[in-house]
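For reference, upload-v6.cif (mmCIF, C-alpha atoms):
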```cif
data_run
loop_
_atom_site.label_atom_id
_atom_site.label_comp_id
_atom_site.auth_asym_id
_atom_site.auth_seq_id
_atom_site.Cartn_x
_atom_site.Cartn_y
_atom_site.Cartn_z
CA MET F 1 74.98 166.85 111.99
CA ARG F 2 76.54 165.99 108.65
CA GLU F 3 80.30 165.64 108.46
CA PRO F 4 82.25 166.30 105.25
CA ILE F 5 83.87 163.31 103.58
CA LEU F 6 86.69 165.64 102.47
CA GLU F 7 87.65 168.80 104.31
CA ILE F 8 90.56 171.05 103.42
CA GLN F 9 91.42 173.64 106.05
CA ASP F 10 93.61 176.69 105.34
CA LEU F 11 95.87 174.62 103.11
CA SER F 12 99.02 176.18 101.68
CA VAL F 13 101.42 174.11 99.58
CA GLU F 14 104.90 174.60 98.14
CA VAL F 15 106.83 172.81 95.41
CA SER F 16 110.62 173.32 95.42
CA GLY F 17 110.18 176.30 97.73
CA ARG F 18 107.59 178.02 95.50
CA ARG F 19 104.11 178.63 96.92
CA ILE F 20 101.49 177.14 94.59
CA LEU F 21 98.39 176.90 96.82
CA ASN F 22 97.30 179.58 99.28
CA ASP F 23 94.90 179.09 102.20
CA ILE F 24 92.58 176.66 100.41
CA ASN F 25 89.34 175.90 102.25
CA LEU F 26 86.96 173.30 100.87
CA LYS F 27 84.28 171.00 102.28
CA VAL F 28 82.71 168.18 100.26
CA TYR F 29 79.88 166.35 102.00
CA GLU F 30 78.72 162.79 101.43
CA GLY F 31 76.91 162.51 98.12
CA GLU F 32 78.04 165.93 96.85
CA VAL F 33 79.73 166.54 93.51
CA HIS F 34 81.94 169.64 93.37
CA VAL F 35 83.44 171.19 90.25
CA LEU F 36 86.72 173.12 90.24
CA PHE F 37 87.25 175.57 87.39
CA GLY F 38 90.38 177.55 86.70
CA PRO F 39 92.67 178.78 83.93
CA ASN F 40 95.80 176.85 83.02
CA GLY F 41 98.44 177.10 85.73
CA SER F 42 95.98 178.14 88.42
CA GLY F 43 96.82 175.19 90.69
CA LYS F 44 94.02 172.73 89.92
CA SER F 45 96.26 169.72 89.33
CA SER F 46 98.47 170.77 92.26
CA LEU F 47 95.45 170.54 94.55
CA ILE F 48 94.87 166.96 93.38
CA MET F 49 98.50 166.08 94.10
CA ALA F 50 98.25 167.62 97.54
CA ILE F 51 95.07 165.67 98.33
CA LEU F 52 96.86 162.49 97.24
CA GLY F 53 99.93 163.34 99.31
CA PHE F 54 102.59 163.34 96.59
CA PRO F 55 105.88 164.08 98.41
CA ALA F 56 106.94 166.94 96.11
CA TYR F 57 103.87 168.91 97.24
CA LYS F 58 104.89 170.12 100.67
CA VAL F 59 102.13 171.27 103.01
CA VAL F 60 103.44 174.36 104.79
CA SER F 61 100.24 175.14 106.68
CA GLY F 62 96.72 173.78 107.12
CA LYS F 63 95.49 170.22 106.88
CA ILE F 64 93.46 167.71 104.90
CA LEU F 65 90.81 165.56 106.54
CA PHE F 66 89.16 162.53 104.94
CA LYS F 67 86.24 160.77 106.61
CA GLY F 68 87.01 162.83 109.71
CA LYS F 69 90.64 161.71 109.93
CA ASP F 70 93.62 164.01 109.46
CA ILE F 71 95.48 162.52 106.47
CA THR F 72 97.91 165.41 105.94
CA GLY F 73 100.89 163.27 106.91
CA LEU F 74 99.75 159.97 105.43
CA PRO F 75 101.48 158.44 102.38
CA THR F 76 99.61 158.22 99.10
CA ASP F 77 98.88 154.48 99.29
CA GLU F 78 97.19 154.86 102.68
CA ARG F 79 94.95 157.60 101.32
CA VAL F 80 93.95 155.42 98.39
CA LYS F 81 93.17 152.52 100.72
CA MET F 82 90.88 154.83 102.70
CA GLY F 83 88.79 155.37 99.58
CA ILE F 84 90.22 158.12 97.35
CA GLY F 85 90.29 157.32 93.63
CA VAL F 86 91.68 159.52 90.85
CA ALA F 87 91.38 159.55 87.07
CA PHE F 88 94.39 161.58 85.89
CA GLN F 89 94.45 163.91 82.91
CA ASN F 90 97.83 162.72 81.62
CA PRO F 91 98.58 159.25 83.02
CA PRO F 92 101.83 157.53 82.01
CA ALA F 93 102.11 154.77 79.42
CA ILE F 94 103.28 151.53 81.07
CA ARG F 95 104.92 149.04 78.74
CA GLY F 96 104.41 145.40 79.70
CA VAL F 97 101.46 145.99 82.03
CA LYS F 98 98.10 145.01 80.55
CA LEU F 99 95.03 147.06 81.35
CA GLY F 100 93.11 143.86 82.09
CA SER F 101 95.67 142.81 84.71
CA VAL F 102 95.28 146.11 86.53
CA LEU F 103 91.48 145.98 86.43
CA ARG F 104 91.44 142.44 87.81
CA ARG F 105 93.69 143.53 90.67
CA LEU F 106 91.27 146.34 91.45
CA THR F 107 88.22 144.07 91.35
CA PRO F 108 87.95 140.27 91.07
CA ASN F 109 84.43 140.66 89.70
CA GLU F 110 84.71 139.78 86.00
CA GLU F 111 81.04 140.59 85.45
CA LYS F 112 81.61 144.11 86.76
CA ILE F 113 84.57 144.58 84.41
CA ASN F 114 82.52 143.41 81.42
CA ASP F 115 79.68 145.73 82.43
CA LEU F 116 82.07 148.69 82.58
CA LEU F 117 83.46 147.79 79.16
CA ARG F 118 79.95 147.81 77.70
CA LYS F 119 79.18 151.16 79.27
CA VAL F 120 82.27 152.88 77.90
CA LYS F 121 81.72 151.15 74.56
CA ILE F 122 85.01 149.30 74.07
CA SER F 123 85.65 145.62 73.34
CA SER F 124 87.26 143.12 75.71
CA SER F 125 90.32 143.02 73.41
CA PHE F 126 91.18 146.46 74.78
CA LEU F 127 92.17 144.74 78.04
CA GLU F 128 95.09 142.99 76.34
CA ARG F 129 96.81 146.26 75.47
CA ASP F 130 99.65 147.79 77.50
CA ILE F 131 98.29 150.64 79.61
CA ASN F 132 98.09 153.86 77.58
CA LEU F 133 100.72 152.68 75.09
CA GLY F 134 99.61 154.04 71.73
CA PHE F 135 96.18 154.93 73.11
CA SER F 136 94.21 157.75 71.53
CA GLY F 137 93.01 160.63 73.72
CA GLY F 138 89.59 159.03 74.05
CA GLU F 139 91.07 155.62 74.87
CA ILE F 140 93.24 157.12 77.62
CA LYS F 141 90.17 158.71 79.18
CA LYS F 142 88.25 155.44 78.97
CA SER F 143 91.17 153.56 80.51
CA GLU F 144 91.32 155.98 83.44
CA VAL F 145 87.56 155.87 84.00
CA LEU F 146 87.58 152.06 83.89
CA GLN F 147 90.31 151.92 86.53
CA VAL F 148 88.81 154.43 88.92
CA LEU F 149 85.34 152.87 88.72
CA ALA F 150 86.70 149.34 89.16
CA GLN F 151 88.46 150.59 92.28
CA ASN F 152 85.02 151.46 93.75
CA SER F 153 86.33 154.35 95.84
CA ASP F 154 84.13 156.45 98.11
CA PHE F 155 85.54 159.74 96.86
CA LEU F 156 86.34 160.20 93.18
CA ILE F 157 88.50 162.84 91.54
CA PHE F 158 88.36 163.38 87.78
CA ASP F 159 91.12 165.58 86.34
CA GLU F 160 89.95 167.23 83.11
CA PRO F 161 87.68 164.38 81.94
CA ASP F 162 86.53 166.50 78.99
CA SER F 163 90.02 167.31 77.69
CA GLY F 164 91.08 165.78 74.36
CA VAL F 165 87.84 163.82 73.89
CA ASP F 166 85.59 163.99 70.84
CA VAL F 167 81.87 164.74 71.13
CA GLU F 168 80.69 161.12 71.01
CA ASN F 169 83.21 159.84 73.55
CA LEU F 170 82.46 162.80 75.81
CA ARG F 171 78.79 161.84 75.81
CA VAL F 172 79.64 158.21 76.63
CA LEU F 173 82.10 159.06 79.40
CA GLY F 174 79.92 161.82 80.86
CA THR F 175 76.95 159.46 81.07
CA VAL F 176 79.03 156.68 82.70
CA ILE F 177 80.61 159.06 85.21
CA ASN F 178 77.27 160.62 86.13
CA GLU F 179 75.74 157.20 86.73
CA ALA F 180 78.71 156.17 88.89
CA LEU F 181 78.43 159.33 90.98
CA GLN F 182 74.92 158.58 92.19
CA GLY F 183 75.22 158.52 95.98
CA ARG F 184 78.98 159.19 95.85
CA SER F 185 81.13 162.22 96.49
CA ALA F 186 83.44 163.67 93.86
CA LEU F 187 85.63 166.54 92.76
CA ILE F 188 85.72 167.24 89.02
CA ILE F 189 88.51 169.42 87.66
CA THR F 190 87.71 171.14 84.37
CA HIS F 191 88.92 174.07 82.31
CA LEU F 192 86.24 174.07 79.62
CA GLY F 193 83.26 172.83 81.65
CA VAL F 194 81.65 170.91 78.79
CA ILE F 195 81.44 167.77 80.97
CA LEU F 196 78.67 169.54 82.91
CA GLN F 197 76.34 168.79 79.99
CA TYR F 198 76.21 165.24 81.35
CA ILE F 199 77.10 165.45 85.05
CA ASN F 200 74.89 166.74 87.82
CA ALA F 201 77.08 168.83 90.12
CA ASN F 202 76.11 170.59 93.34
CA ILE F 203 78.71 173.32 93.82
CA ALA F 204 81.41 174.94 91.68
CA HIS F 205 84.56 176.82 92.65
CA VAL F 206 87.05 178.91 90.71
CA LEU F 207 90.76 178.58 91.49
CA MET F 208 93.08 181.40 90.42
CA ASP F 209 96.72 181.91 91.34
CA GLY F 210 96.48 179.14 93.92
CA SER F 211 93.43 180.51 95.74
CA ILE F 212 89.73 179.71 95.59
CA VAL F 213 88.20 183.06 94.68
CA CYS F 214 84.59 182.24 93.79
CA SER F 215 82.02 179.57 94.67
CA GLY F 216 78.43 179.08 93.62
CA HIS F 217 75.98 177.18 91.43
CA PRO F 218 77.84 175.24 88.69
CA THR F 219 75.80 176.41 85.70
CA LYS F 220 75.90 180.04 86.82
CA ILE F 221 79.63 179.94 87.42
CA LEU F 222 80.18 178.29 84.01
CA GLY F 223 77.89 180.82 82.32
CA GLN F 224 79.88 183.71 83.72
CA ILE F 225 83.15 182.13 82.63
CA LEU F 226 81.82 181.52 79.10
CA ASN F 227 80.51 185.09 78.86
CA GLU F 228 83.36 187.01 80.46
CA GLY F 229 86.26 184.58 80.82
CA TYR F 230 88.18 184.20 84.06
CA ALA F 231 88.65 187.96 84.20
CA TRP F 232 85.22 187.93 85.84
CA CYS F 233 86.79 186.49 89.00
CA GLU F 234 89.88 188.66 89.01
CA LYS F 235 88.07 191.28 91.06
CA CYS F 236 87.62 188.65 93.77
CA LEU F 237 91.31 187.82 93.66
CA LYS F 238 92.37 191.46 93.81
CA VAL F 239 90.42 192.15 96.98
CA ARG F 240 91.44 188.71 98.35
CA THR F 241 87.82 187.57 98.61
CA LEU F 242 87.53 183.81 99.13
CA ARG F 243 83.85 183.44 98.31
CA CYS F 244 81.65 185.37 95.88
CA GLU F 245 78.20 183.78 96.01
CA LEU F 246 76.06 183.77 92.91
#
```

Could you render the structure from this file as structure tokens?
Amino acid sequence: MREPILEIQDLSVEVSGRRILNDINLKVYEGEVHVLFGPNGSGKSSLIMAILGFPAYKVVSGKILFKGKDITGLPTDERVKMGIGVAFQNPPAIRGVKLGSVLRRLTPNEEKINDLLRKVKISSSFLERDINLGFSGGEIKKSEVLQVLAQNSDFLIFDEPDSGVDVENLRVLGTVINEALQGRSALIITHLGVILQYINANIAHVLMDGSIVCSGHPTKILGQILNEGYAWCEKCLKVRTLRCEL
């Protein structure tokens, strides 16, 4: 019987005493790619922070399991060591820390680094720049993808990979991400859904007001959102339905 690589059970989370996630249930099996849609402020990024175990995101009920182990109480660095990698939407700029130095700490394989550079279509001189300092939107995305792929994690999370990226860079990044996801498990957070032009996903979910209200086939879910907006799922939220199959 297959076991999920990531399982979230009845998870509720607070930040500064305010409930931001409510009874989240999610199972991602080995080799599956899940997509999480949701309007701004719905709790998508908060779910990432909770999975990573950021201290400000207090779990008030439920638990998170990774590779069959309860990681709810583990610190962030232990979760990363177990094989969780994240490409953030808005990573910080770090003056004095070169991108190349970070990549070489993540992998000693110089050939792999050069191969990743070719795939994302940037020169090796990019490695000598301070992380995200003066980077364009596309360069920030490429920097994040380079780091998470060099890390070679078993479970990958991409937070809004299609945000702030032009059409050409989106095609490049989408192709690289899709290739990297072959045989891996992932959770892709997206508001617009345009990244699905390049990534083969198995299941999509919609998060609204801190609850997963709809799940189904990614292209069908996206089609409904494009046609009717997120109001389409409000009926699920109103009747507190956790799953509306398409």

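Here the PyMOL selection byres ((chain F and resi 136) around 12) captures the residues F:Asn90, F:Ala93, F:Ile131, F:Asn132, F:Leu133, F:Gly134, F:Phe135, F:Gly137, F:Gly138, F:Glu139, F:Ile140, F:Lys141, F:Lys142, F:Ser143, F:Gly164, F:Val165, F:Asp166, F:Asn169.
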
What does the distance between atom CA of Ile212 of chain F and atom CA of Val13 of chain F come to in Å, to one decimal place?
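Pair atom CA of Ile212 of chain F / atom CA of Val13 of chain F returns 13.6 Å.
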
Which of these residues is nearest to Asp70 of chain F, using all atoms listed in the file: F:Glu7, F:Asp130, F:Gly38, F:Ile20?
F:Glu7

I need the output of the PyMOL selection byres ((chain F and resi 76-81) around 12) for this file as a PDB file with C-alpha atoms, keeping the file's coordinate frame; which residues are they?
```
ATOM      1  CA  LEU F   6      86.690 165.640 102.470  1.00  0.00           C
ATOM      2  CA  ILE F  48      94.870 166.960  93.380  1.00  0.00           C
ATOM      3  CA  MET F  49      98.500 166.080  94.100  1.00  0.00           C
ATOM      4  CA  ALA F  50      98.250 167.620  97.540  1.00  0.00           C
ATOM      5  CA  ILE F  51      95.070 165.670  98.330  1.00  0.00           C
ATOM      6  CA  LEU F  52      96.860 162.490  97.240  1.00  0.00           C
ATOM      7  CA  GLY F  53      99.930 163.340  99.310  1.00  0.00           C
ATOM      8  CA  PHE F  54     102.590 163.340  96.590  1.00  0.00           C
ATOM      9  CA  PRO F  55     105.880 164.080  98.410  1.00  0.00           C
ATOM     10  CA  ALA F  56     106.940 166.940  96.110  1.00  0.00           C
ATOM     11  CA  TYR F  57     103.870 168.910  97.240  1.00  0.00           C
ATOM     12  CA  ILE F  64      93.460 167.710 104.900  1.00  0.00           C
ATOM     13  CA  LEU F  65      90.810 165.560 106.540  1.00  0.00           C
ATOM     14  CA  PHE F  66      89.160 162.530 104.940  1.00  0.00           C
ATOM     15  CA  LYS F  67      86.240 160.770 106.610  1.00  0.00           C
ATOM     16  CA  LYS F  69      90.640 161.710 109.930  1.00  0.00           C
ATOM     17  CA  ASP F  70      93.620 164.010 109.460  1.00  0.00           C
ATOM     18  CA  ILE F  71      95.480 162.520 106.470  1.00  0.00           C
ATOM     19  CA  THR F  72      97.910 165.410 105.940  1.00  0.00           C
ATOM     20  CA  GLY F  73     100.890 163.270 106.910  1.00  0.00           C
ATOM     21  CA  LEU F  74      99.750 159.970 105.430  1.00  0.00           C
ATOM     22  CA  PRO F  75     101.480 158.440 102.380  1.00  0.00           C
ATOM     23  CA  MET F  82      90.880 154.830 102.700  1.00  0.00           C
ATOM     24  CA  GLY F  83      88.790 155.370  99.580  1.00  0.00           C
ATOM     25  CA  ILE F  84      90.220 158.120  97.350  1.00  0.00           C
ATOM     26  CA  GLY F  85      90.290 157.320  93.630  1.00  0.00           C
ATOM     27  CA  VAL F  86      91.680 159.520  90.850  1.00  0.00           C
ATOM     28  CA  LEU F 106      91.270 146.340  91.450  1.00  0.00           C
ATOM     29  CA  VAL F 148      88.810 154.430  88.920  1.00  0.00           C
ATOM     30  CA  GLN F 151      88.460 150.590  92.280  1.00  0.00           C
ATOM     31  CA  ASN F 152      85.020 151.460  93.750  1.00  0.00           C
ATOM     32  CA  SER F 153      86.330 154.350  95.840  1.00  0.00           C
ATOM     33  CA  ASP F 154      84.130 156.450  98.110  1.00  0.00           C
ATOM     34  CA  PHE F 155      85.540 159.740  96.860  1.00  0.00           C
ATOM     35  CA  LEU F 156      86.340 160.200  93.180  1.00  0.00           C
ATOM     36  CA  ILE F 157      88.500 162.840  91.540  1.00  0.00           C
TER      37      ILE F 157
END
```

What would the selection look like, as a PDB file with C-alpha atoms, keeping the file's coordinate frame, if the PyMOL selection byres ((chain F and resi 121) around 12) were run on the coordinates I just shared?
```pdb
ATOM      1  CA  ASN F 114      82.520 143.410  81.420  1.00  0.00           C
ATOM      2  CA  ASP F 115      79.680 145.730  82.430  1.00  0.00           C
ATOM      3  CA  LEU F 116      82.070 148.690  82.580  1.00  0.00           C
ATOM      4  CA  LEU F 117      83.460 147.790  79.160  1.00  0.00           C
ATOM      5  CA  ARG F 118      79.950 147.810  77.700  1.00  0.00           C
ATOM      6  CA  LYS F 119      79.180 151.160  79.270  1.00  0.00           C
ATOM      7  CA  VAL F 120      82.270 152.880  77.900  1.00  0.00           C
ATOM      8  CA  ILE F 122      85.010 149.300  74.070  1.00  0.00           C
ATOM      9  CA  SER F 123      85.650 145.620  73.340  1.00  0.00           C
ATOM     10  CA  SER F 124      87.260 143.120  75.710  1.00  0.00           C
ATOM     11  CA  SER F 125      90.320 143.020  73.410  1.00  0.00           C
ATOM     12  CA  PHE F 126      91.180 146.460  74.780  1.00  0.00           C
ATOM     13  CA  GLY F 138      89.590 159.030  74.050  1.00  0.00           C
ATOM     14  CA  GLU F 139      91.070 155.620  74.870  1.00  0.00           C
ATOM     15  CA  LYS F 142      88.250 155.440  78.970  1.00  0.00           C
ATOM     16  CA  SER F 143      91.170 153.560  80.510  1.00  0.00           C
ATOM     17  CA  LEU F 146      87.580 152.060  83.890  1.00  0.00           C
ATOM     18  CA  GLU F 168      80.690 161.120  71.010  1.00  0.00           C
ATOM     19  CA  ASN F 169      83.210 159.840  73.550  1.00  0.00           C
ATOM     20  CA  LEU F 170      82.460 162.800  75.810  1.00  0.00           C
ATOM     21  CA  ARG F 171      78.790 161.840  75.810  1.00  0.00           C
ATOM     22  CA  VAL F 172      79.640 158.210  76.630  1.00  0.00           C
ATOM     23  CA  LEU F 173      82.100 159.060  79.400  1.00  0.00           C
ATOM     24  CA  THR F 175      76.950 159.460  81.070  1.00  0.00           C
ATOM     25  CA  VAL F 176      79.030 156.680  82.700  1.00  0.00           C
TER      26      VAL F 176
END
```

Rounded to one decimal in Å, what is the spacing between atom CA of Ile199 of chain F and atom CA of Arg129 of chain F?
29.1 Å

For Glu160 of chain F, which of F:Gln89, F:Asn40, F:Gln9, F:Ser101 is the closest residue, counting only C-alpha atoms?
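Looking at the shortest contact to Glu160 of chain F, the residue is F:Gln89.
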
Is it possible to get the axis-aligned box enclosing segment 49-56 of chain F (all listed atoms, 6 Å extra per side) as AutoDock Vina command-line options, with centre and edge lengths in Å rounded to one decimal?
```
--center_x 101.0 --center_y 165.1 --center_z 96.7 --size_x 23.9 --size_y 17.1 --size_z 17.2
```

Taking into account all atoms listed in the file, which residue in the set F:Leu36, F:Ala180, F:Ala231, F:Met208 is nearest to Leu192 of chain F?
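Going through F:Leu36, F:Ala180, F:Ala231, F:Met208 one by one, the smallest distance to Leu192 of chain F is for F:Leu36.
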
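Non-sequential neighbours of Phe158 of chain F (distance at most 9 Å, separation of 6 or more positions within a chain, all atoms listed in the file) are Gly85, Val86, Ala87, Phe88, Gln89, Val145, Ala186, Leu187, Ile188, Ile189 and Thr190 of chain F.
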
To one decimal in Å, tell me the separation between atom CA of Tyr230 of chain F and atom CA of Ser185 of chain F.
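It comes out at 26.2 Å.
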
Looking at F:Leu47, F:Lys112, F:Val33, F:Ala150, which one is nearest to Ala204 of chain F, with distances taken over all atoms listed in the file?
F:Val33

Nearest residue to Val97 of chain F from the set F:Glu110, F:Glu128, F:Asp209, F:Asn25 (distances using only C-alpha atoms)
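Smallest separation from Val97 of chain F among the options: F:Glu128.
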
Neighbours of Glu32 of chain F within 10 Å (all atoms listed in the file; same-chain residues fewer than 6 positions away dropped), as a list of chain:residue names?
F:Pro4, F:Ile5, F:Phe155, F:Leu181, F:Gln182, F:Gly183, F:Arg184, F:Ser185, F:Ala186, F:Leu187, F:Asn200, F:Ala201, F:Asn202, F:Ile203
